[in-house]
Amino acid sequence: MGMTMTQKILAAHAGLDKVEPGQLIMANVDLVLGNDITAPVAIREFKRMGAKRVFDRKKVALVPDHFTPNKDIKSAEQCKIIREFAYDMEIENYFEVGQMGIEHALIPEKGLVVPGDVVIGADSHTCTYGALGAFSTGVGSTDMAAAMATGQAWFKVPEAIKFVLKGRLNKWVSGKDVILHIIGMIGVDGALYQSMEFTGEGLASLSMDDRFTIANMAIEAGAKNGIFEVDDKTLEYVKEHSTKEFKVYKADEDARYSKVFEIDLSSIPLTVAFPHLPENVRTFDEIGDIPIDQVVIGSCTNGRLSDLRIAAQILKGNKVHPRVRTIIIPATQRIYLEAMREGLLEIFIEAGAVVSTPTCGPCLGGHMGILAKGERAVATTNRNFVGRMGHVESEVYLASPAVAAASAITGKISSPEEVVK
Amino acid sequence: MIQGKAIKYGNNVDTDVIIPARYLNTADPKELAAHCMEDLDPEFKNKVQPGDIIVAGTNFGCGSSREHAPIAIKASGISCIIAETFARIFYRNAINIGLPIMECPEAARDIKDGDQVAVDLTTGEITNLTTGRTYKAAPFPQFMQELIKAGGLVEYVKGRMGAQG
Ligand code: SF4
């Protein structure tokens, strides 16, 4: 019986010729990641383990991105713990405010993940790097601590669901709509304990940014990881961003999948997830009039340059609705700089939006745009759980940058068709 | 043997309601426990007694990887969680920090809020003392039993690093 992409990568990192679904293995990791919420706990546990040094100072990345620039004294203390640890351990990939970005946009941009890698991060959206053909998954702080100490992590080898993509996306439809559509189809636990493997001739038409968005939300279907077959676009991206050696793993012809879905990209409509679960998806024929108070364009899901370009294309020459606070957050310093050079920031500000320094900010209800009781936001983020962006009686609607930008203009959840003629 | 009263919740209890992000600027278990379940059940912190058992539906602990979620639950005095299924990061976090969890769909569906429940972690046997019914959860694989026996991942790694000198 053949192996899936994920199974092959895991076998290779565990020093095994073969692995079976359900098997428990110890695997070597190529990168261990943590942020300002999870790393302080990991550092405490690391010390409790009696560890003195990290296993490899080049293979640990620390990114203070959630409550930074420090939103209050407690956050400042948390960040200080990471900073001191990073200096102490001479961690090469510590990114201070000014270098920092949202971890899952930053790590690929810095070339720290390449195809075939095993990456764990104490952040659930670590699955984002599956876009590069790596096995990459979220873990907790104690796992992070153990991996920093030993260079290893335990895994249960997952089964996989295969998504065979064909056709191409229609105008305005993006990777965000693809993944929301899929989560709507299989549910928030539809891929529980499993890999989501993306392949098929439709892949070629998806940009790397689309793939990052799709892999990012694999966790919202309960998956252990999402992973894309490596193609020319992946290789081009890797060449541009990284000097690390890499290995491409392809699924065996006779790999076994628990399910196979064929998805025609051209059949996917603009999709919005209603509160309070990412699986509550609706299309514009079912949406109706939903007035909103805030729009957030950013996050590890949709804060990349192509996302900002789409938003700018729609906002250009328009004004945001006077009742809608529109907050735009480039995901990294580099994206911020490029957006400035391309004139996107000017378009946003002229339209009446605010542009923030890179941060997770409102995505997790941290800071920079918290919702009051009864308020509604359209956000390009990935979670719309109860209280996620603020008050327990506030609401988050998940959508693509195109829908978010159009909604900012009209003041209600809107398709870009309504504002761009 | 663990024994306590069941506190019951539904499906997809996510880590944002278990411990909202607004409290994540600390990692102190006591402070986290003070806000445990706040956005789902504001009464939780008043009604929870040491030893109580959370019983829930599918996909318990979905969402973020914050270990603060099982830490908050453990620090609240909860002795065990029984659910139909767990989200995978929550599952490994609970094991890693030594919070017992049991996957048992039948028990999770049957047990009612307020029932007295006993759990035998070694055999996986769950008894509803209120109704007298018993259930059997799948036992943990060998490796996880070792982790749990060692007292969680920290102790396990400590042991291994000690062995390596
Ligand atoms: S942007 Fe949101 S989902 Fe992404 S890492 Fe930050 S808080 Fe998590």
# chains A, B, ... in the order shown; residues from 1 in each chain; ligands from 1
$ closest_atom_pairs --of "chain A" --to "ligand 1" --cutoff "7 Å" --atoms "only C-alpha atoms and all ligand atoms" --output "JSON lines"
{"residue": "A:Asp65", "atom": "CA", "partner": "ligand 1", "partner_atom_place_in_ligand_line": "6 (Fe)", "distance": 6.8}
{"residue": "A:His66", "atom": "CA", "partner": "ligand 1", "partner_atom_place_in_ligand_line": "6 (Fe)", "distance": 5.7}
{"residue": "A:Ile102", "atom": "CA", "partner": "ligand 1", "partner_atom_place_in_ligand_line": "6 (Fe)", "distance": 6.0}
{"residue": "A:Glu103", "atom": "CA", "partner": "ligand 1", "partner_atom_place_in_ligand_line": "5 (S)", "distance": 6.4}
{"residue": "A:His104", "atom": "CA", "partner": "ligand 1", "partner_atom_place_in_ligand_line": "5 (S)", "distance": 6.5}
{"residue": "A:Asp123", "atom": "CA", "partner": "ligand 1", "partner_atom_place_in_ligand_line": "5 (S)", "distance": 6.7}
{"residue": "A:His125", "atom": "CA", "partner": "ligand 1", "partner_atom_place_in_ligand_line": "5 (S)", "distance": 6.1}
{"residue": "A:Ser299", "atom": "CA", "partner": "ligand 1", "partner_atom_place_in_ligand_line": "1 (S)", "distance": 3.7}
{"residue": "A:Cys300", "atom": "CA", "partner": "ligand 1", "partner_atom_place_in_ligand_line": "4 (Fe)", "distance": 4.2}
{"residue": "A:Thr301", "atom": "CA", "partner": "ligand 1", "partner_atom_place_in_ligand_line": "4 (Fe)", "distance": 6.5}
{"residue": "A:Cys360", "atom": "CA", "partner": "ligand 1", "partner_atom_place_in_ligand_line": "6 (Fe)", "distance": 4.0}
{"residue": "A:Cys363", "atom": "CA", "partner": "ligand 1", "partner_atom_place_in_ligand_line": "2 (Fe)", "distance": 4.5}
{"residue": "A:Leu364", "atom": "CA", "partner": "ligand 1", "partner_atom_place_in_ligand_line": "7 (S)", "distance": 4.7}
{"residue": "A:Thr381", "atom": "CA", "partner": "ligand 1", "partner_atom_place_in_ligand_line": "2 (Fe)", "distance": 6.4}
{"residue": "A:Asn382", "atom": "CA", "partner": "ligand 1", "partner_atom_place_in_ligand_line": "3 (S)", "distance": 6.0}
$ write_last_selection --atoms "all heavy atoms" --output "mmCIF file, in the first residue's frame"
data_model
loop_
_atom_site.group_PDB
_atom_site.id
_atom_site.type_symbol
_atom_site.label_atom_id
_atom_site.label_comp_id
_atom_site.auth_asym_id
_atom_site.auth_seq_id
_atom_site.Cartn_x
_atom_site.Cartn_y
_atom_site.Cartn_z
ATOM 1 N N ASP A 65 3.677 38.475 17.705
ATOM 2 C CA ASP A 65 2.778 39.106 16.730
ATOM 3 C C ASP A 65 1.346 39.320 17.233
ATOM 4 O O ASP A 65 0.601 40.087 16.652
ATOM 5 C CB ASP A 65 2.734 38.281 15.430
ATOM 6 C CG ASP A 65 2.347 36.819 15.672
ATOM 7 O OD1 ASP A 65 2.196 36.422 16.838
ATOM 8 O OD2 ASP A 65 2.217 36.068 14.680
ATOM 9 N N HIS A 66 0.967 38.657 18.325
ATOM 10 C CA HIS A 66 -0.446 38.709 18.693
ATOM 11 C C HIS A 66 -0.850 40.005 19.397
ATOM 12 O O HIS A 66 -1.801 40.666 18.997
ATOM 13 C CB HIS A 66 -0.807 37.501 19.561
ATOM 14 C CG HIS A 66 -1.031 36.260 18.760
ATOM 15 N ND1 HIS A 66 -0.057 35.696 17.971
ATOM 16 C CD2 HIS A 66 -2.125 35.480 18.602
ATOM 17 C CE1 HIS A 66 -0.550 34.618 17.363
ATOM 18 N NE2 HIS A 66 -1.801 34.466 17.734
ATOM 19 N N ILE A 102 2.949 38.966 10.930
ATOM 20 C CA ILE A 102 2.157 37.840 11.437
ATOM 21 C C ILE A 102 2.888 36.565 11.038
ATOM 22 O O ILE A 102 3.229 36.373 9.868
ATOM 23 C CB ILE A 102 0.730 37.874 10.864
ATOM 24 C CG1 ILE A 102 0.039 39.166 11.308
ATOM 25 C CG2 ILE A 102 -0.055 36.658 11.339
ATOM 26 C CD1 ILE A 102 -1.313 39.390 10.685
ATOM 27 N N GLU A 103 3.151 35.726 12.029
ATOM 28 C CA GLU A 103 4.062 34.594 11.851
ATOM 29 C C GLU A 103 3.850 33.802 10.563
ATOM 30 O O GLU A 103 4.816 33.489 9.867
ATOM 31 C CB GLU A 103 3.975 33.670 13.076
ATOM 32 C CG GLU A 103 2.538 33.317 13.438
ATOM 33 C CD GLU A 103 2.400 32.746 14.865
ATOM 34 O OE1 GLU A 103 3.195 31.879 15.227
ATOM 35 O OE2 GLU A 103 1.481 33.155 15.589
ATOM 36 N N HIS A 104 2.595 33.499 10.230
ATOM 37 C CA HIS A 104 2.387 32.583 9.099
ATOM 38 C C HIS A 104 2.539 33.257 7.742
ATOM 39 O O HIS A 104 2.591 32.599 6.713
ATOM 40 C CB HIS A 104 1.032 31.888 9.227
ATOM 41 C CG HIS A 104 0.861 31.291 10.576
ATOM 42 N ND1 HIS A 104 1.794 30.429 11.108
ATOM 43 C CD2 HIS A 104 -0.076 31.470 11.538
ATOM 44 C CE1 HIS A 104 1.418 30.092 12.332
ATOM 45 N NE2 HIS A 104 0.296 30.722 12.618
ATOM 46 N N ASP A 123 0.985 27.335 17.413
ATOM 47 C CA ASP A 123 -0.082 28.176 16.900
ATOM 48 C C ASP A 123 -0.833 27.323 15.884
ATOM 49 O O ASP A 123 -0.206 26.704 15.026
ATOM 50 C CB ASP A 123 0.449 29.434 16.218
ATOM 51 C CG ASP A 123 -0.692 30.380 15.910
ATOM 52 O OD1 ASP A 123 -1.388 30.157 14.892
ATOM 53 O OD2 ASP A 123 -0.931 31.312 16.694
ATOM 54 N N HIS A 125 -2.530 27.817 13.309
ATOM 55 C CA HIS A 125 -2.457 28.081 11.866
ATOM 56 C C HIS A 125 -1.086 27.818 11.253
ATOM 57 O O HIS A 125 -0.815 28.194 10.107
ATOM 58 C CB HIS A 125 -2.973 29.489 11.558
ATOM 59 C CG HIS A 125 -4.435 29.597 11.834
ATOM 60 N ND1 HIS A 125 -4.936 30.201 12.963
ATOM 61 C CD2 HIS A 125 -5.500 29.106 11.168
ATOM 62 C CE1 HIS A 125 -6.257 30.090 12.966
ATOM 63 N NE2 HIS A 125 -6.619 29.428 11.885
ATOM 64 N N SER A 299 -4.660 39.645 8.676
ATOM 65 C CA SER A 299 -4.486 38.320 9.299
ATOM 66 C C SER A 299 -3.601 37.390 8.486
ATOM 67 O O SER A 299 -3.259 37.672 7.347
ATOM 68 C CB SER A 299 -5.827 37.620 9.579
ATOM 69 O OG SER A 299 -6.266 36.915 8.441
ATOM 70 N N CYS A 300 -3.274 36.249 9.117
ATOM 71 C CA CYS A 300 -2.433 35.252 8.440
ATOM 72 C C CYS A 300 -3.180 34.593 7.294
ATOM 73 O O CYS A 300 -2.591 33.929 6.457
ATOM 74 C CB CYS A 300 -1.933 34.212 9.435
ATOM 75 S SG CYS A 300 -3.253 33.308 10.283
ATOM 76 N N THR A 301 -4.485 34.775 7.240
ATOM 77 C CA THR A 301 -5.278 34.193 6.150
ATOM 78 C C THR A 301 -5.228 35.082 4.910
ATOM 79 O O THR A 301 -4.997 34.605 3.804
ATOM 80 C CB THR A 301 -6.753 34.031 6.590
ATOM 81 O OG1 THR A 301 -6.777 33.552 7.913
ATOM 82 C CG2 THR A 301 -7.493 33.089 5.681
ATOM 83 N N CYS A 360 -1.550 40.684 14.757
ATOM 84 C CA CYS A 360 -2.769 39.865 14.705
ATOM 85 C C CYS A 360 -3.964 40.722 15.118
ATOM 86 O O CYS A 360 -5.052 40.594 14.581
ATOM 87 C CB CYS A 360 -2.666 38.680 15.656
ATOM 88 S SG CYS A 360 -1.425 37.479 15.188
ATOM 89 N N CYS A 363 -7.990 40.121 14.975
ATOM 90 C CA CYS A 363 -8.323 38.761 14.533
ATOM 91 C C CYS A 363 -8.714 37.879 15.702
ATOM 92 O O CYS A 363 -9.646 37.099 15.625
ATOM 93 C CB CYS A 363 -7.161 38.145 13.768
ATOM 94 S SG CYS A 363 -7.402 36.401 13.429
ATOM 95 N N LEU A 364 -7.986 38.014 16.802
ATOM 96 C CA LEU A 364 -8.288 37.186 17.980
ATOM 97 C C LEU A 364 -8.895 38.022 19.100
ATOM 98 O O LEU A 364 -8.900 37.608 20.263
ATOM 99 C CB LEU A 364 -7.031 36.468 18.478
ATOM 100 C CG LEU A 364 -6.026 37.250 19.334
ATOM 101 C CD1 LEU A 364 -5.141 36.321 20.094
ATOM 102 C CD2 LEU A 364 -5.252 38.237 18.526
ATOM 103 N N THR A 381 -10.371 37.265 8.210
ATOM 104 C CA THR A 381 -9.676 36.364 9.125
ATOM 105 C C THR A 381 -10.223 34.945 8.969
ATOM 106 O O THR A 381 -10.925 34.653 7.999
ATOM 107 C CB THR A 381 -9.852 36.880 10.558
ATOM 108 O OG1 THR A 381 -11.251 37.007 10.832
ATOM 109 C CG2 THR A 381 -9.221 38.263 10.725
ATOM 110 N N ASN A 382 -9.934 34.089 9.945
ATOM 111 C CA ASN A 382 -10.282 32.678 9.763
ATOM 112 C C ASN A 382 -11.244 32.094 10.797
ATOM 113 O O ASN A 382 -11.666 30.959 10.672
ATOM 114 C CB ASN A 382 -8.998 31.838 9.732
ATOM 115 C CG ASN A 382 -8.072 32.207 10.871
ATOM 116 O OD1 ASN A 382 -8.521 32.459 11.987
ATOM 117 N ND2 ASN A 382 -6.776 32.256 10.604
#
$ interface_residues --of "chain A" --to "chain B" --cutoff "6 Å" --atoms "only C-alpha atoms" --output "JSON list (two decimals) with C-alpha atoms, in the first residue's frame"
[["chain", "number", "residue", "atom", "x", "y", "z"],
["A", 49, "MET", "CA", 12.43, 20.02, 31.60],
["A", 74, "LYS", "CA", 1.01, 42.17, 30.81],
["A", 75, "SER", "CA", 1.67, 41.71, 27.09],
["A", 123, "ASP", "CA", -0.08, 28.18, 16.90],
["A", 124, "SER", "CA", -2.91, 26.33, 15.22],
["A", 139, "VAL", "CA", 0.81, 22.03, 18.59],
["A", 140, "GLY", "CA", 0.70, 23.33, 22.14],
["A", 193, "TYR", "CA", -7.21, 13.99, 12.75],
["A", 366, "GLY", "CA", -6.64, 41.27, 21.03]]
$ closest_residue --among "B:Ser79, B:Glu43, B:Gln49, B:Tyr9" --to "Gly61 of chain B" --atoms "only C-alpha atoms"
B:Tyr9
$ atom_distance --atom1 "atom CA of Arg309 of chain A" --atom2 "atom CA of Glu286 of chain A"
27.5 Å
$ residues_around --residues "Thr127 of chain B" --least-positions-apart "5" --cutoff "12 Å" --atoms "only C-alpha atoms" --output "PyMOL selection string"
chain B and resi 1-6+82+104+106-108+110-111+115-121+132-137
$ select_by_dssp --residues "segment 120-331 of chain A" --states "helix (DSSP H, G or I)" --output "ChimeraX atom specification"
/A:124-132,141-150,175-186,201-205,208-221,232-241,265-267,284-286,299-302,305-315
$ atom_distance --atom1 "atom CA of His276 of chain A" --atom2 "atom CA of Phe385 of chain A"
4.6 Å
$ residues_around --residues "segment 148-154 of chain A" --least-positions-apart "4" --cutoff "9 Å" --atoms "only C-alpha atoms" --output "list in words"
Leu24, Ile25, Met26, Ala27, Asn28, Val29, Asp30, Leu31, Val32, Ala42, Phe46, Met49, Ala51, Lys52, Arg53, Val54, Phe55, Asp56, Arg57, Lys59, Val60, Ile120, Asp143 and Met144 of chain A; Val157 and Met161 of chain B
$ write_last_selection --atoms "N, CA and C atoms" --output "mmCIF file, in the first residue's frame"
data_model
loop_
_atom_site.group_PDB
_atom_site.id
_atom_site.type_symbol
_atom_site.label_atom_id
_atom_site.label_comp_id
_atom_site.auth_asym_id
_atom_site.auth_seq_id
_atom_site.Cartn_x
_atom_site.Cartn_y
_atom_site.Cartn_z
ATOM 1 N N LEU A 24 2.099 5.703 15.939
ATOM 2 C CA LEU A 24 2.700 6.810 16.697
ATOM 3 C C LEU A 24 4.195 6.829 16.432
ATOM 4 N N ILE A 25 4.705 7.982 16.051
ATOM 5 C CA ILE A 25 6.126 8.075 15.698
ATOM 6 C C ILE A 25 6.773 9.264 16.388
ATOM 7 N N MET A 26 8.086 9.221 16.516
ATOM 8 C CA MET A 26 8.875 10.370 16.925
ATOM 9 C C MET A 26 9.570 10.868 15.662
ATOM 10 N N ALA A 27 9.375 12.128 15.310
ATOM 11 C CA ALA A 27 9.979 12.628 14.072
ATOM 12 C C ALA A 27 10.877 13.824 14.374
ATOM 13 N N ASN A 28 11.925 13.970 13.573
ATOM 14 C CA ASN A 28 12.773 15.160 13.674
ATOM 15 C C ASN A 28 12.056 16.337 13.042
ATOM 16 N N VAL A 29 12.211 17.497 13.642
ATOM 17 C CA VAL A 29 11.555 18.678 13.080
ATOM 18 C C VAL A 29 12.588 19.634 12.485
ATOM 19 N N ASP A 30 12.188 20.306 11.411
ATOM 20 C CA ASP A 30 13.083 21.251 10.743
ATOM 21 C C ASP A 30 12.913 22.673 11.255
ATOM 22 N N LEU A 31 11.770 22.931 11.885
ATOM 23 C CA LEU A 31 11.537 24.267 12.440
ATOM 24 C C LEU A 31 10.520 24.166 13.577
ATOM 25 N N VAL A 32 10.788 24.903 14.644
ATOM 26 C CA VAL A 32 9.872 24.986 15.789
ATOM 27 C C VAL A 32 9.523 26.454 15.976
ATOM 28 N N ALA A 42 5.860 27.903 26.779
ATOM 29 C CA ALA A 42 6.836 26.906 26.309
ATOM 30 C C ALA A 42 8.188 27.107 26.988
ATOM 31 N N PHE A 46 10.136 24.476 29.068
ATOM 32 C CA PHE A 46 11.503 24.156 28.613
ATOM 33 C C PHE A 46 12.451 24.155 29.810
ATOM 34 N N MET A 49 11.859 21.262 32.113
ATOM 35 C CA MET A 49 12.428 20.016 31.600
ATOM 36 C C MET A 49 13.907 19.878 31.966
ATOM 37 N N ALA A 51 16.153 21.632 30.421
ATOM 38 C CA ALA A 51 16.943 21.878 29.201
ATOM 39 C C ALA A 51 17.776 23.141 29.381
ATOM 40 N N LYS A 52 18.974 23.125 28.816
ATOM 41 C CA LYS A 52 19.866 24.278 28.955
ATOM 42 C C LYS A 52 19.953 25.081 27.657
ATOM 43 N N ARG A 53 20.030 24.369 26.517
ATOM 44 C CA ARG A 53 20.137 25.043 25.229
ATOM 45 C C ARG A 53 19.073 24.505 24.279
ATOM 46 N N VAL A 54 18.702 25.308 23.284
ATOM 47 C CA VAL A 54 17.800 24.774 22.265
ATOM 48 C C VAL A 54 18.595 23.832 21.362
ATOM 49 N N PHE A 55 17.901 22.872 20.746
ATOM 50 C CA PHE A 55 18.610 21.834 19.983
ATOM 51 C C PHE A 55 19.363 22.419 18.794
ATOM 52 N N ASP A 56 18.850 23.514 18.229
ATOM 53 C CA ASP A 56 19.509 24.126 17.070
ATOM 54 C C ASP A 56 19.011 25.567 16.977
ATOM 55 N N ARG A 57 19.894 26.512 17.185
ATOM 56 C CA ARG A 57 19.428 27.905 17.265
ATOM 57 C C ARG A 57 18.937 28.454 15.923
ATOM 58 N N LYS A 59 16.939 26.613 14.030
ATOM 59 C CA LYS A 59 15.682 25.922 13.743
ATOM 60 C C LYS A 59 14.561 26.266 14.727
ATOM 61 N N VAL A 60 14.746 27.359 15.429
ATOM 62 C CA VAL A 60 13.684 27.850 16.308
ATOM 63 C C VAL A 60 13.326 29.252 15.820
ATOM 64 N N ILE A 120 6.658 22.284 13.289
ATOM 65 C CA ILE A 120 5.594 22.424 14.282
ATOM 66 C C ILE A 120 5.637 23.839 14.840
ATOM 67 N N ASP A 143 4.531 20.873 23.716
ATOM 68 C CA ASP A 143 5.148 20.249 22.548
ATOM 69 C C ASP A 143 6.286 21.115 22.013
ATOM 70 N N MET A 144 6.013 22.422 21.974
ATOM 71 C CA MET A 144 7.031 23.345 21.485
ATOM 72 C C MET A 144 8.281 23.264 22.366
ATOM 73 N N VAL B 157 10.262 14.017 28.876
ATOM 74 C CA VAL B 157 11.488 14.524 28.237
ATOM 75 C C VAL B 157 12.623 14.619 29.252
ATOM 76 N N MET B 161 16.131 12.997 28.704
ATOM 77 C CA MET B 161 17.368 13.783 28.657
ATOM 78 C C MET B 161 18.324 13.319 29.744
#
$ closest_residue --among "A:Gly190, A:Pro115, A:Gly387, A:Gly130" --to "Gly222 of chain A" --atoms "only C-alpha atoms"
A:Gly190
$ select_by_dssp --residues "segment 106-290 of chain A" --states "strand (DSSP E or B)" --output "number ranges by chain"
A: 118-121, 135-138, 152-156, 160-166, 195-199, 225-228, 255, 259-264, 271-273, 281-283
$ write_last_selection --atoms "N, CA and C atoms" --output "tab-separated table (two decimals), in the first residue's frame"
chain	number	residue	atom	x	y	z
A	118	VAL	N	9.41	19.21	8.00
A	118	VAL	CA	8.45	19.00	9.08
A	118	VAL	C	8.54	20.21	10.00
A	119	VAL	N	7.42	20.89	10.16
A	119	VAL	CA	7.39	22.10	10.98
A	119	VAL	C	6.32	21.96	12.04
A	120	ILE	N	6.66	22.28	13.29
A	120	ILE	CA	5.59	22.42	14.28
A	120	ILE	C	5.64	23.84	14.84
A	121	GLY	N	4.48	24.33	15.14
A	121	GLY	CA	4.38	25.67	15.70
A	121	GLY	C	3.33	25.68	16.79
A	135	PHE	N	5.14	19.31	5.62
A	135	PHE	CA	4.21	18.88	6.66
A	135	PHE	C	4.34	19.87	7.80
A	136	SER	N	3.26	20.50	8.12
A	136	SER	CA	3.34	21.61	9.04
A	136	SER	C	2.07	21.63	9.87
A	137	THR	N	2.24	21.65	11.19
A	137	THR	CA	1.03	21.52	12.01
A	137	THR	C	1.14	22.27	13.33
A	138	GLY	N	0.00	22.63	13.88
A	138	GLY	CA	-0.05	23.34	15.15
A	138	GLY	C	0.03	22.38	16.32
A	152	GLN	N	12.66	17.01	18.39
A	152	GLN	CA	11.71	15.99	17.96
A	152	GLN	C	10.30	16.28	18.48
A	153	ALA	N	9.33	15.67	17.82
A	153	ALA	CA	7.96	15.74	18.29
A	153	ALA	C	7.28	14.41	18.01
A	154	TRP	N	6.28	14.08	18.83
A	154	TRP	CA	5.53	12.84	18.57
A	154	TRP	C	4.32	13.15	17.70
A	155	PHE	N	4.03	12.22	16.80
A	155	PHE	CA	2.86	12.38	15.93
A	155	PHE	C	2.13	11.06	15.78
A	156	LYS	N	0.83	11.18	15.60
A	156	LYS	CA	0.06	10.02	15.16
A	156	LYS	C	-0.07	10.20	13.65
A	160	ALA	N	-5.61	10.57	5.08
A	160	ALA	CA	-5.77	11.81	4.30
A	160	ALA	C	-7.06	11.81	3.50
A	161	ILE	N	-7.55	13.03	3.31
A	161	ILE	CA	-8.65	13.24	2.36
A	161	ILE	C	-8.03	13.94	1.16
A	162	LYS	N	-8.35	13.47	-0.03
A	162	LYS	CA	-7.75	14.07	-1.22
A	162	LYS	C	-8.74	15.01	-1.90
A	163	PHE	N	-8.27	16.19	-2.23
A	163	PHE	CA	-9.09	17.15	-2.97
A	163	PHE	C	-8.47	17.33	-4.35
A	164	VAL	N	-9.17	16.85	-5.35
A	164	VAL	CA	-8.65	16.97	-6.71
A	164	VAL	C	-9.30	18.19	-7.35
A	165	LEU	N	-8.48	19.21	-7.60
A	165	LEU	CA	-9.03	20.46	-8.12
A	165	LEU	C	-8.94	20.48	-9.64
A	166	LYS	N	-9.99	21.00	-10.27
A	166	LYS	CA	-9.90	21.21	-11.72
A	166	LYS	C	-10.57	22.54	-12.09
A	195	SER	N	-5.14	14.55	7.21
A	195	SER	CA	-4.53	15.52	6.31
A	195	SER	C	-5.53	15.88	5.22
A	196	MET	N	-5.42	17.11	4.73
A	196	MET	CA	-6.15	17.48	3.52
A	196	MET	C	-5.09	17.65	2.44
A	197	GLU	N	-5.17	16.83	1.41
A	197	GLU	CA	-4.14	16.88	0.38
A	197	GLU	C	-4.74	17.48	-0.89
A	198	PHE	N	-4.10	18.52	-1.41
A	198	PHE	CA	-4.65	19.21	-2.57
A	198	PHE	C	-3.81	18.91	-3.82
A	199	THR	N	-4.50	18.50	-4.87
A	199	THR	CA	-3.79	18.12	-6.08
A	199	THR	C	-4.72	18.38	-7.29
A	225	ASN	N	-3.22	18.76	9.10
A	225	ASN	CA	-2.46	19.61	8.18
A	225	ASN	C	-3.17	19.66	6.84
A	226	GLY	N	-2.83	20.69	6.06
A	226	GLY	CA	-3.26	20.76	4.68
A	226	GLY	C	-1.98	20.76	3.88
A	227	ILE	N	-1.96	20.12	2.74
A	227	ILE	CA	-0.71	20.07	1.99
A	227	ILE	C	-0.98	20.10	0.50
A	228	PHE	N	-0.17	20.88	-0.22
A	228	PHE	CA	-0.32	21.02	-1.67
A	228	PHE	C	0.79	20.28	-2.39
A	255	ALA	N	-1.54	5.39	-3.07
A	255	ALA	CA	-1.78	5.88	-1.71
A	255	ALA	C	-3.26	5.73	-1.39
A	259	LYS	N	-11.20	9.61	1.82
A	259	LYS	CA	-12.21	10.16	0.91
A	259	LYS	C	-11.52	10.90	-0.21
A	260	VAL	N	-12.17	11.00	-1.34
A	260	VAL	CA	-11.64	11.81	-2.44
A	260	VAL	C	-12.76	12.74	-2.92
A	261	PHE	N	-12.46	14.03	-2.99
A	261	PHE	CA	-13.44	14.98	-3.52
A	261	PHE	C	-12.89	15.59	-4.79
A	262	GLU	N	-13.71	15.66	-5.82
A	262	GLU	CA	-13.33	16.39	-7.03
A	262	GLU	C	-14.00	17.74	-6.97
A	263	ILE	N	-13.22	18.79	-7.11
A	263	ILE	CA	-13.82	20.11	-7.03
A	263	ILE	C	-13.49	20.92	-8.27
A	264	ASP	N	-14.55	21.38	-8.93
A	264	ASP	CA	-14.36	22.22	-10.10
A	264	ASP	C	-14.30	23.67	-9.62
A	271	THR	N	-18.15	33.28	-1.25
A	271	THR	CA	-18.71	32.58	-0.10
A	271	THR	C	-18.41	33.35	1.19
A	272	VAL	N	-19.39	33.43	2.06
A	272	VAL	CA	-19.23	34.13	3.35
A	272	VAL	C	-19.62	33.15	4.46
A	273	ALA	N	-18.80	33.10	5.54
A	273	ALA	CA	-19.17	32.26	6.68
A	273	ALA	C	-19.84	33.11	7.74
A	281	VAL	N	-21.64	28.54	5.95
A	281	VAL	CA	-21.37	29.35	4.77
A	281	VAL	C	-22.65	29.67	4.00
A	282	ARG	N	-22.62	30.85	3.40
A	282	ARG	CA	-23.73	31.24	2.53
A	282	ARG	C	-23.17	31.91	1.28
A	283	THR	N	-23.94	31.84	0.22
A	283	THR	CA	-23.56	32.52	-1.02
A	283	THR	C	-24.47	33.73	-1.19
$ decode --residues "segment 61-66 of chain B" --atoms "N, CA, C and O atoms" --output "PDB file, in the first residue's frame"
ATOM      1  N   GLY B  61     -12.763  21.456  22.037  1.00  0.00           N
ATOM      2  CA  GLY B  61     -11.460  22.128  22.053  1.00  0.00           C
ATOM      3  C   GLY B  61     -10.976  22.560  20.693  1.00  0.00           C
ATOM      4  O   GLY B  61      -9.783  22.775  20.487  1.00  0.00           O
ATOM      5  N   CYS B  62     -11.895  22.709  19.732  1.00  0.00           N
ATOM      6  CA  CYS B  62     -11.459  23.121  18.394  1.00  0.00           C
ATOM      7  C   CYS B  62     -10.984  24.575  18.437  1.00  0.00           C
ATOM      8  O   CYS B  62     -11.274  25.311  19.366  1.00  0.00           O
ATOM      9  N   GLY B  63     -10.247  24.953  17.391  1.00  0.00           N
ATOM     10  CA  GLY B  63      -9.764  26.328  17.330  1.00  0.00           C
ATOM     11  C   GLY B  63      -8.293  26.411  17.624  1.00  0.00           C
ATOM     12  O   GLY B  63      -7.511  25.581  17.169  1.00  0.00           O
ATOM     13  N   SER B  64      -7.929  27.368  18.440  1.00  0.00           N
ATOM     14  CA  SER B  64      -6.519  27.721  18.580  1.00  0.00           C
ATOM     15  C   SER B  64      -5.739  26.677  19.362  1.00  0.00           C
ATOM     16  O   SER B  64      -6.301  25.812  20.027  1.00  0.00           O
ATOM     17  N   SER B  65      -4.414  26.789  19.289  1.00  0.00           N
ATOM     18  CA  SER B  65      -3.543  25.804  19.926  1.00  0.00           C
ATOM     19  C   SER B  65      -3.239  26.180  21.366  1.00  0.00           C
ATOM     20  O   SER B  65      -2.448  25.530  22.018  1.00  0.00           O
ATOM     21  N   ARG B  66      -3.871  27.245  21.860  1.00  0.00           N
ATOM     22  CA  ARG B  66      -3.543  27.747  23.194  1.00  0.00           C
ATOM     23  C   ARG B  66      -3.642  26.654  24.260  1.00  0.00           C
ATOM     24  O   ARG B  66      -4.708  26.131  24.534  1.00  0.00           O
TER      25      ARG B  66
END
